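First the structure, in the form of structure tokens, and then the observations on it.
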Amino acid sequence: MMEEQQANDYRTLSSLKNALLALKCFTTDEPELGITQIAQALGLSKSTVHRIMTTLAEEGFVRRDEQTHRYRLGLSVLSLSGIIMSNLEIYREGQHLLEDFVSRFDETVHLAVLEDYSTVYVSKLECKHPVKILTHLGKKNPLHCTSSGKTILAFQSDEMIEEVIRRGLPQMTPNTITHADELKAALENIRATGYAISRSELREGVHSVAVPVRDYTRQVIGAVTVVGPASRLTDEKMKAIARTLQSIGKEISNRLGYYERRQSIGSPT
């Protein structure tokens with residue numbers, strides 16, 4: 001009886017894992033998928049995937065297009081993401097500060113956080129310019145070729161920096177940093193200036209500037225970053241934006257419990 005129960009538990013957990021993996025197949029690049037595509041991606045039979053997707057559809061996690069017979073993520077996913085966002089402290093503390101920035105500079109600004117070895121946008125406030133750069137909330141981007149990623153990475157441990165290098169620095173554009181020494185030099189400059197700039201490193205014609213956000217442990221946990229077309233985000237403008245972003249980054253950090261240590265009188269310099 002015990003062995004039978006354990007076998008049933010294993011099958012249940014296996015089905016749950018497959019359902020979660022099926023949800024992770026959907027991306028901003030492929031928001032709509034058919035049974036065959038999901039089955040191929042997961043290495044499962046189409047009948048198994050059909051059962052999984054039927055269950056997910058019943059619970060609102062996916063919805064099926066009756067004409068194409070393909071699936072998209074459903075509103076239940078959105079409701080869960082809303083719960084995450086409402087409990088994400090960096091989002092709560094930073095949102096109105098980002099609103100003030102956009103009203104002043106009219107450039108699209110984001111909050112990004114570290115997720116494994118990637119940077120992820122968790123908040124985005126768009127500018128009113130007719131020419132906008134398409135960015136996606138929740139999409140993972142590399143650390144080595146984005147201003148938010150480099151800003152966060154610059155203040156991580158040497159071990160993590162070495163691990164990022166070990167995993168490879170894939171070239172996304174001709175401007176992407178692909179050598180370890182070049183990346184380390186860039187990170188050192190970020191630590192010195194307090195902000196990072198990316199000039200067509202992830203996508204050609206797209207520039208960005210970012211500053212770090214710290215929490216009460218003094219650890220850099222995220223970044224405030226502005227992304228826009230290279231024609232608008234010139235070096236001069238990015239440097240001007242960086243100064244304002246640094247004030248915003250410090251304010252968010254303070255609200256998260258971070259404080260700058262003041263050197264006591266008579267202490268060694």
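Here, A, B, ... name the chains of the structure tokens in the order displayed, residue numbers run from 1 inside each chain, and ligands are numbered from 1 in the same displayed order.
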
### Query
Within 9 Å of Thr28 of chain A, counting only C-alpha atoms, which residues qualify if same-chain residues fewer than 2 places away don't, as a ChimeraX atom specification?
/A:26,30-31,136,139

Preceding selection exported with C-alpha atoms as a compact mmCIF listing (two decimals), in the first residue's frame:
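Produced file again-v7.txt, reproduced below:
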# COMPACT_ATOMS: atom_id res chain seq x y z
CA PHE A 26 5.67 30.49 -23.77
CA GLU A 30 6.61 32.82 -29.07
CA PRO A 31 3.45 33.83 -27.20
CA HIS A 136 9.30 43.14 -22.18
CA LYS A 139 12.07 38.66 -20.07

### Task
Write out as a ChimeraX atom specification all residues of segment 64-240 of chain A that backbone DSSP assigns to alpha helix (DSSP H).
/A:75-86,89-105,147-154,158-166,180-193,235-240

Writer output for current selection, C-alpha atoms, as an mmCIF file, in the first residue's frame:
data_model
loop_
_atom_site.group_PDB
_atom_site.id
_atom_site.type_symbol
_atom_site.label_atom_id
_atom_site.label_comp_id
_atom_site.auth_asym_id
_atom_site.auth_seq_id
_atom_site.Cartn_x
_atom_site.Cartn_y
_atom_site.Cartn_z
ATOM 1 C CA LEU A 75 -5.344 35.587 -17.044
ATOM 2 C CA SER A 76 -4.610 33.305 -14.076
ATOM 3 C CA VAL A 77 -0.916 33.816 -14.829
ATOM 4 C CA LEU A 78 -1.458 37.578 -14.793
ATOM 5 C CA SER A 79 -3.221 37.447 -11.437
ATOM 6 C CA LEU A 80 -0.293 35.540 -9.926
ATOM 7 C CA SER A 81 2.200 38.003 -11.385
ATOM 8 C CA GLY A 82 0.188 40.825 -9.833
ATOM 9 C CA ILE A 83 0.566 39.202 -6.417
ATOM 10 C CA ILE A 84 4.316 38.916 -6.970
ATOM 11 C CA MET A 85 4.612 42.554 -7.997
ATOM 12 C CA SER A 86 2.557 43.834 -5.072
ATOM 13 C CA GLU A 89 9.511 45.737 -2.310
ATOM 14 C CA ILE A 90 11.718 47.340 -4.949
ATOM 15 C CA TYR A 91 8.612 47.757 -7.135
ATOM 16 C CA ARG A 92 6.503 49.294 -4.376
ATOM 17 C CA GLU A 93 9.177 51.748 -3.303
ATOM 18 C CA GLY A 94 10.313 52.747 -6.774
ATOM 19 C CA GLN A 95 7.162 53.138 -8.811
ATOM 20 C CA HIS A 96 6.219 56.753 -8.090
ATOM 21 C CA LEU A 97 9.863 57.848 -8.395
ATOM 22 C CA LEU A 98 9.915 56.403 -11.901
ATOM 23 C CA GLU A 99 6.727 58.295 -12.713
ATOM 24 C CA ASP A 100 8.405 61.556 -11.703
ATOM 25 C CA PHE A 101 11.401 60.721 -13.893
ATOM 26 C CA VAL A 102 9.298 60.050 -16.996
ATOM 27 C CA SER A 103 7.352 63.285 -16.545
ATOM 28 C CA ARG A 104 10.659 65.165 -16.443
ATOM 29 C CA PHE A 105 12.753 63.433 -19.121
ATOM 30 C CA SER A 147 23.438 48.517 -18.626
ATOM 31 C CA SER A 148 21.200 47.056 -15.908
ATOM 32 C CA GLY A 149 23.079 43.760 -16.014
ATOM 33 C CA LYS A 150 26.512 45.354 -15.877
ATOM 34 C CA THR A 151 25.414 47.676 -13.066
ATOM 35 C CA ILE A 152 24.206 44.761 -10.958
ATOM 36 C CA LEU A 153 27.162 42.526 -11.846
ATOM 37 C CA ALA A 154 29.720 45.213 -10.976
ATOM 38 C CA ASP A 158 34.332 37.998 -7.575
ATOM 39 C CA GLU A 159 33.071 34.415 -7.625
ATOM 40 C CA MET A 160 29.866 35.401 -9.388
ATOM 41 C CA ILE A 161 31.694 37.566 -11.911
ATOM 42 C CA GLU A 162 34.006 34.656 -12.708
ATOM 43 C CA GLU A 163 31.008 32.342 -13.069
ATOM 44 C CA VAL A 164 29.369 34.729 -15.552
ATOM 45 C CA ILE A 165 32.597 34.747 -17.547
ATOM 46 C CA ARG A 166 32.875 30.952 -17.342
ATOM 47 C CA ALA A 180 36.908 38.691 -19.718
ATOM 48 C CA ASP A 181 39.499 41.455 -19.313
ATOM 49 C CA GLU A 182 37.291 43.931 -21.160
ATOM 50 C CA LEU A 183 34.308 43.061 -18.971
ATOM 51 C CA LYS A 184 36.318 43.373 -15.763
ATOM 52 C CA ALA A 185 37.594 46.789 -16.857
ATOM 53 C CA ALA A 186 34.038 47.916 -17.611
ATOM 54 C CA LEU A 187 32.832 46.722 -14.210
ATOM 55 C CA GLU A 188 35.673 48.561 -12.491
ATOM 56 C CA ASN A 189 34.661 51.766 -14.272
ATOM 57 C CA ILE A 190 31.048 51.270 -13.175
ATOM 58 C CA ARG A 191 32.151 50.931 -9.553
ATOM 59 C CA ALA A 192 34.120 54.174 -9.922
ATOM 60 C CA THR A 193 31.396 56.234 -11.629
ATOM 61 C CA ASP A 235 26.492 60.162 -24.555
ATOM 62 C CA GLU A 236 25.816 63.676 -23.282
ATOM 63 C CA LYS A 237 22.163 62.940 -22.544
ATOM 64 C CA MET A 238 22.945 59.595 -20.890
ATOM 65 C CA LYS A 239 25.416 61.264 -18.541
ATOM 66 C CA ALA A 240 22.796 63.869 -17.606
#

At a cut-off of 12 Å, using only C-alpha atoms, what residues contact segment 45-60 of chain A? Leave out same-chain residues fewer than 5 positions from it and give the result as a PDB file with N, CA and C atoms, in the first residue's frame.
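Here's the written file result_23.pdb:
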ATOM      1  N   THR A  12       2.006  12.232  -9.685  1.00  0.00           N
ATOM      2  CA  THR A  12       1.407  13.555  -9.500  1.00  0.00           C
ATOM      3  C   THR A  12       2.456  14.654  -9.618  1.00  0.00           C
ATOM      4  N   SER A  14       5.337  14.431 -11.124  1.00  0.00           N
ATOM      5  CA  SER A  14       5.832  14.448 -12.495  1.00  0.00           C
ATOM      6  C   SER A  14       4.882  15.223 -13.399  1.00  0.00           C
ATOM      7  N   SER A  15       3.580  15.023 -13.221  1.00  0.00           N
ATOM      8  CA  SER A  15       2.585  15.747 -14.017  1.00  0.00           C
ATOM      9  C   SER A  15       2.628  17.243 -13.719  1.00  0.00           C
ATOM     10  N   LEU A  16       2.801  17.578 -12.440  1.00  0.00           N
ATOM     11  CA  LEU A  16       2.891  18.986 -12.047  1.00  0.00           C
ATOM     12  C   LEU A  16       4.107  19.640 -12.680  1.00  0.00           C
ATOM     13  N   LYS A  17       5.240  18.941 -12.639  1.00  0.00           N
ATOM     14  CA  LYS A  17       6.462  19.484 -13.237  1.00  0.00           C
ATOM     15  C   LYS A  17       6.278  19.703 -14.732  1.00  0.00           C
ATOM     16  N   ASN A  18       5.670  18.740 -15.412  1.00  0.00           N
ATOM     17  CA  ASN A  18       5.446  18.881 -16.853  1.00  0.00           C
ATOM     18  C   ASN A  18       4.524  20.057 -17.161  1.00  0.00           C
ATOM     19  N   ALA A  19       3.527  20.278 -16.314  1.00  0.00           N
ATOM     20  CA  ALA A  19       2.619  21.413 -16.517  1.00  0.00           C
ATOM     21  C   ALA A  19       3.365  22.738 -16.371  1.00  0.00           C
ATOM     22  N   LEU A  20       4.240  22.813 -15.370  1.00  0.00           N
ATOM     23  CA  LEU A  20       5.021  24.035 -15.171  1.00  0.00           C
ATOM     24  C   LEU A  20       5.993  24.255 -16.325  1.00  0.00           C
ATOM     25  N   LEU A  21       6.610  23.176 -16.799  1.00  0.00           N
ATOM     26  CA  LEU A  21       7.523  23.288 -17.938  1.00  0.00           C
ATOM     27  C   LEU A  21       6.774  23.717 -19.195  1.00  0.00           C
ATOM     28  N   ALA A  22       5.538  23.252 -19.335  1.00  0.00           N
ATOM     29  CA  ALA A  22       4.730  23.661 -20.488  1.00  0.00           C
ATOM     30  C   ALA A  22       4.467  25.163 -20.456  1.00  0.00           C
ATOM     31  N   LEU A  23       4.175  25.697 -19.274  1.00  0.00           N
ATOM     32  CA  LEU A  23       3.952  27.140 -19.145  1.00  0.00           C
ATOM     33  C   LEU A  23       5.208  27.928 -19.498  1.00  0.00           C
ATOM     34  N   CYS A  25       7.309  27.257 -21.698  1.00  0.00           N
ATOM     35  CA  CYS A  25       7.570  27.243 -23.142  1.00  0.00           C
ATOM     36  C   CYS A  25       7.141  28.554 -23.801  1.00  0.00           C
ATOM     37  N   LEU A  33       1.465  28.889 -28.969  1.00  0.00           N
ATOM     38  CA  LEU A  33       2.066  27.593 -29.300  1.00  0.00           C
ATOM     39  C   LEU A  33       0.991  26.538 -29.510  1.00  0.00           C
ATOM     40  N   GLY A  34       1.324  25.565 -30.361  1.00  0.00           N
ATOM     41  CA  GLY A  34       0.444  24.432 -30.577  1.00  0.00           C
ATOM     42  C   GLY A  34       0.908  23.223 -29.787  1.00  0.00           C
ATOM     43  N   ILE A  35       0.075  22.198 -29.743  1.00  0.00           N
ATOM     44  CA  ILE A  35       0.389  20.977 -29.006  1.00  0.00           C
ATOM     45  C   ILE A  35       1.694  20.358 -29.496  1.00  0.00           C
ATOM     46  N   THR A  36       1.864  20.288 -30.813  1.00  0.00           N
ATOM     47  CA  THR A  36       3.069  19.662 -31.378  1.00  0.00           C
ATOM     48  C   THR A  36       4.331  20.387 -30.948  1.00  0.00           C
ATOM     49  N   GLN A  37       4.313  21.728 -30.971  1.00  0.00           N
ATOM     50  CA  GLN A  37       5.487  22.504 -30.566  1.00  0.00           C
ATOM     51  C   GLN A  37       5.853  22.242 -29.111  1.00  0.00           C
ATOM     52  N   ILE A  38       4.855  22.228 -28.249  1.00  0.00           N
ATOM     53  CA  ILE A  38       5.110  22.002 -26.823  1.00  0.00           C
ATOM     54  C   ILE A  38       5.613  20.587 -26.591  1.00  0.00           C
ATOM     55  N   ALA A  39       5.005  19.623 -27.282  1.00  0.00           N
ATOM     56  CA  ALA A  39       5.426  18.225 -27.141  1.00  0.00           C
ATOM     57  C   ALA A  39       6.878  18.049 -27.560  1.00  0.00           C
ATOM     58  N   GLN A  40       7.268  18.685 -28.660  1.00  0.00           N
ATOM     59  CA  GLN A  40       8.654  18.592 -29.125  1.00  0.00           C
ATOM     60  C   GLN A  40       9.614  19.263 -28.148  1.00  0.00           C
ATOM     61  N   ASP A  65      -7.180  29.121 -28.710  1.00  0.00           N
ATOM     62  CA  ASP A  65      -7.823  29.788 -29.832  1.00  0.00           C
ATOM     63  C   ASP A  65      -8.605  28.739 -30.623  1.00  0.00           C
ATOM     64  N   HIS A  69      -6.437  26.586 -32.897  1.00  0.00           N
ATOM     65  CA  HIS A  69      -6.185  25.472 -31.970  1.00  0.00           C
ATOM     66  C   HIS A  69      -4.834  25.607 -31.261  1.00  0.00           C
ATOM     67  N   ARG A  70      -4.353  26.817 -31.171  1.00  0.00           N
ATOM     68  CA  ARG A  70      -3.107  27.079 -30.461  1.00  0.00           C
ATOM     69  C   ARG A  70      -3.423  27.729 -29.115  1.00  0.00           C
ATOM     70  N   TYR A  71      -2.416  27.744 -28.239  1.00  0.00           N
ATOM     71  CA  TYR A  71      -2.626  28.210 -26.869  1.00  0.00           C
ATOM     72  C   TYR A  71      -1.830  29.479 -26.584  1.00  0.00           C
ATOM     73  N   ARG A  72      -2.393  30.296 -25.706  1.00  0.00           N
ATOM     74  CA  ARG A  72      -1.714  31.466 -25.144  1.00  0.00           C
ATOM     75  C   ARG A  72      -1.849  31.405 -23.629  1.00  0.00           C
ATOM     76  N   LEU A  73      -0.981  32.139 -22.931  1.00  0.00           N
ATOM     77  CA  LEU A  73      -1.109  32.219 -21.478  1.00  0.00           C
ATOM     78  C   LEU A  73      -2.419  32.908 -21.111  1.00  0.00           C
ATOM     79  N   GLY A  74      -3.022  32.458 -20.011  1.00  0.00           N
ATOM     80  CA  GLY A  74      -4.301  32.997 -19.586  1.00  0.00           C
ATOM     81  C   GLY A  74      -4.190  33.997 -18.457  1.00  0.00           C
ATOM     82  N   LEU A  75      -5.316  34.524 -18.048  1.00  0.00           N
ATOM     83  CA  LEU A  75      -5.344  35.587 -17.044  1.00  0.00           C
ATOM     84  C   LEU A  75      -4.953  35.107 -15.653  1.00  0.00           C
ATOM     85  N   SER A  76      -5.031  33.805 -15.393  1.00  0.00           N
ATOM     86  CA  SER A  76      -4.610  33.305 -14.076  1.00  0.00           C
ATOM     87  C   SER A  76      -3.127  33.557 -13.847  1.00  0.00           C
ATOM     88  N   VAL A  77      -2.345  33.508 -14.934  1.00  0.00           N
ATOM     89  CA  VAL A  77      -0.916  33.816 -14.829  1.00  0.00           C
ATOM     90  C   VAL A  77      -0.738  35.279 -14.460  1.00  0.00           C
ATOM     91  N   LEU A  78      -1.539  36.145 -15.077  1.00  0.00           N
ATOM     92  CA  LEU A  78      -1.458  37.578 -14.793  1.00  0.00           C
ATOM     93  C   LEU A  78      -1.820  37.881 -13.348  1.00  0.00           C
ATOM     94  N   SER A  79      -2.820  37.195 -12.824  1.00  0.00           N
ATOM     95  CA  SER A  79      -3.221  37.447 -11.437  1.00  0.00           C
ATOM     96  C   SER A  79      -2.116  37.045 -10.472  1.00  0.00           C
ATOM     97  N   LEU A  80      -1.418  35.952 -10.774  1.00  0.00           N
ATOM     98  CA  LEU A  80      -0.293  35.540  -9.926  1.00  0.00           C
ATOM     99  C   LEU A  80       0.852  36.536 -10.019  1.00  0.00           C
TER     100      LEU A  80
END

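Among the candidates A:Lys250, A:Arg203, A:Arg255, A:Lys128, the one nearest to Pro229 of chain A when counting only C-alpha atoms is A:Arg203.
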
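Closest to Val213 of chain A among A:Gly228, A:Pro130, A:Pro174, A:Gly257 is A:Gly257, based on only C-alpha atoms.
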
### Separation of atom CA of Ala223 of chain A from atom CA of Gln246 of chain A in Å
10.0 Å

### Task
Taking the chain letters and numbering used in this document, name the residues of segment 96-266 of chain A that DSSP puts in strand (DSSP E or B), as JSON, numbers by chain.
{"A": [109, 110, 111, 112, 113, 114, 115, 118, 119, 120, 121, 122, 123, 124, 125, 140, 141, 142, 196, 197, 198, 199, 206, 207, 208, 209, 210, 211, 212, 213, 214, 220, 221, 222, 223, 224, 225, 226, 227, 228, 229]}

#### Entry: Surrounding residues of Gln219 of chain A excluding itself and chain neighbours under 6 positions, 9 Å, only C-alpha atoms, as number ranges by chain
A: 155-156, 213, 258

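Near segment 113-122 of chain A, within a cut-off of 6 Å and counting only C-alpha atoms, sit the residues Leu137, Gly138, Lys139, Lys140, Asn141, Pro142, Leu143, Gly149 and Gly222 of chain A, with same-chain residues fewer than 5 positions away left out.
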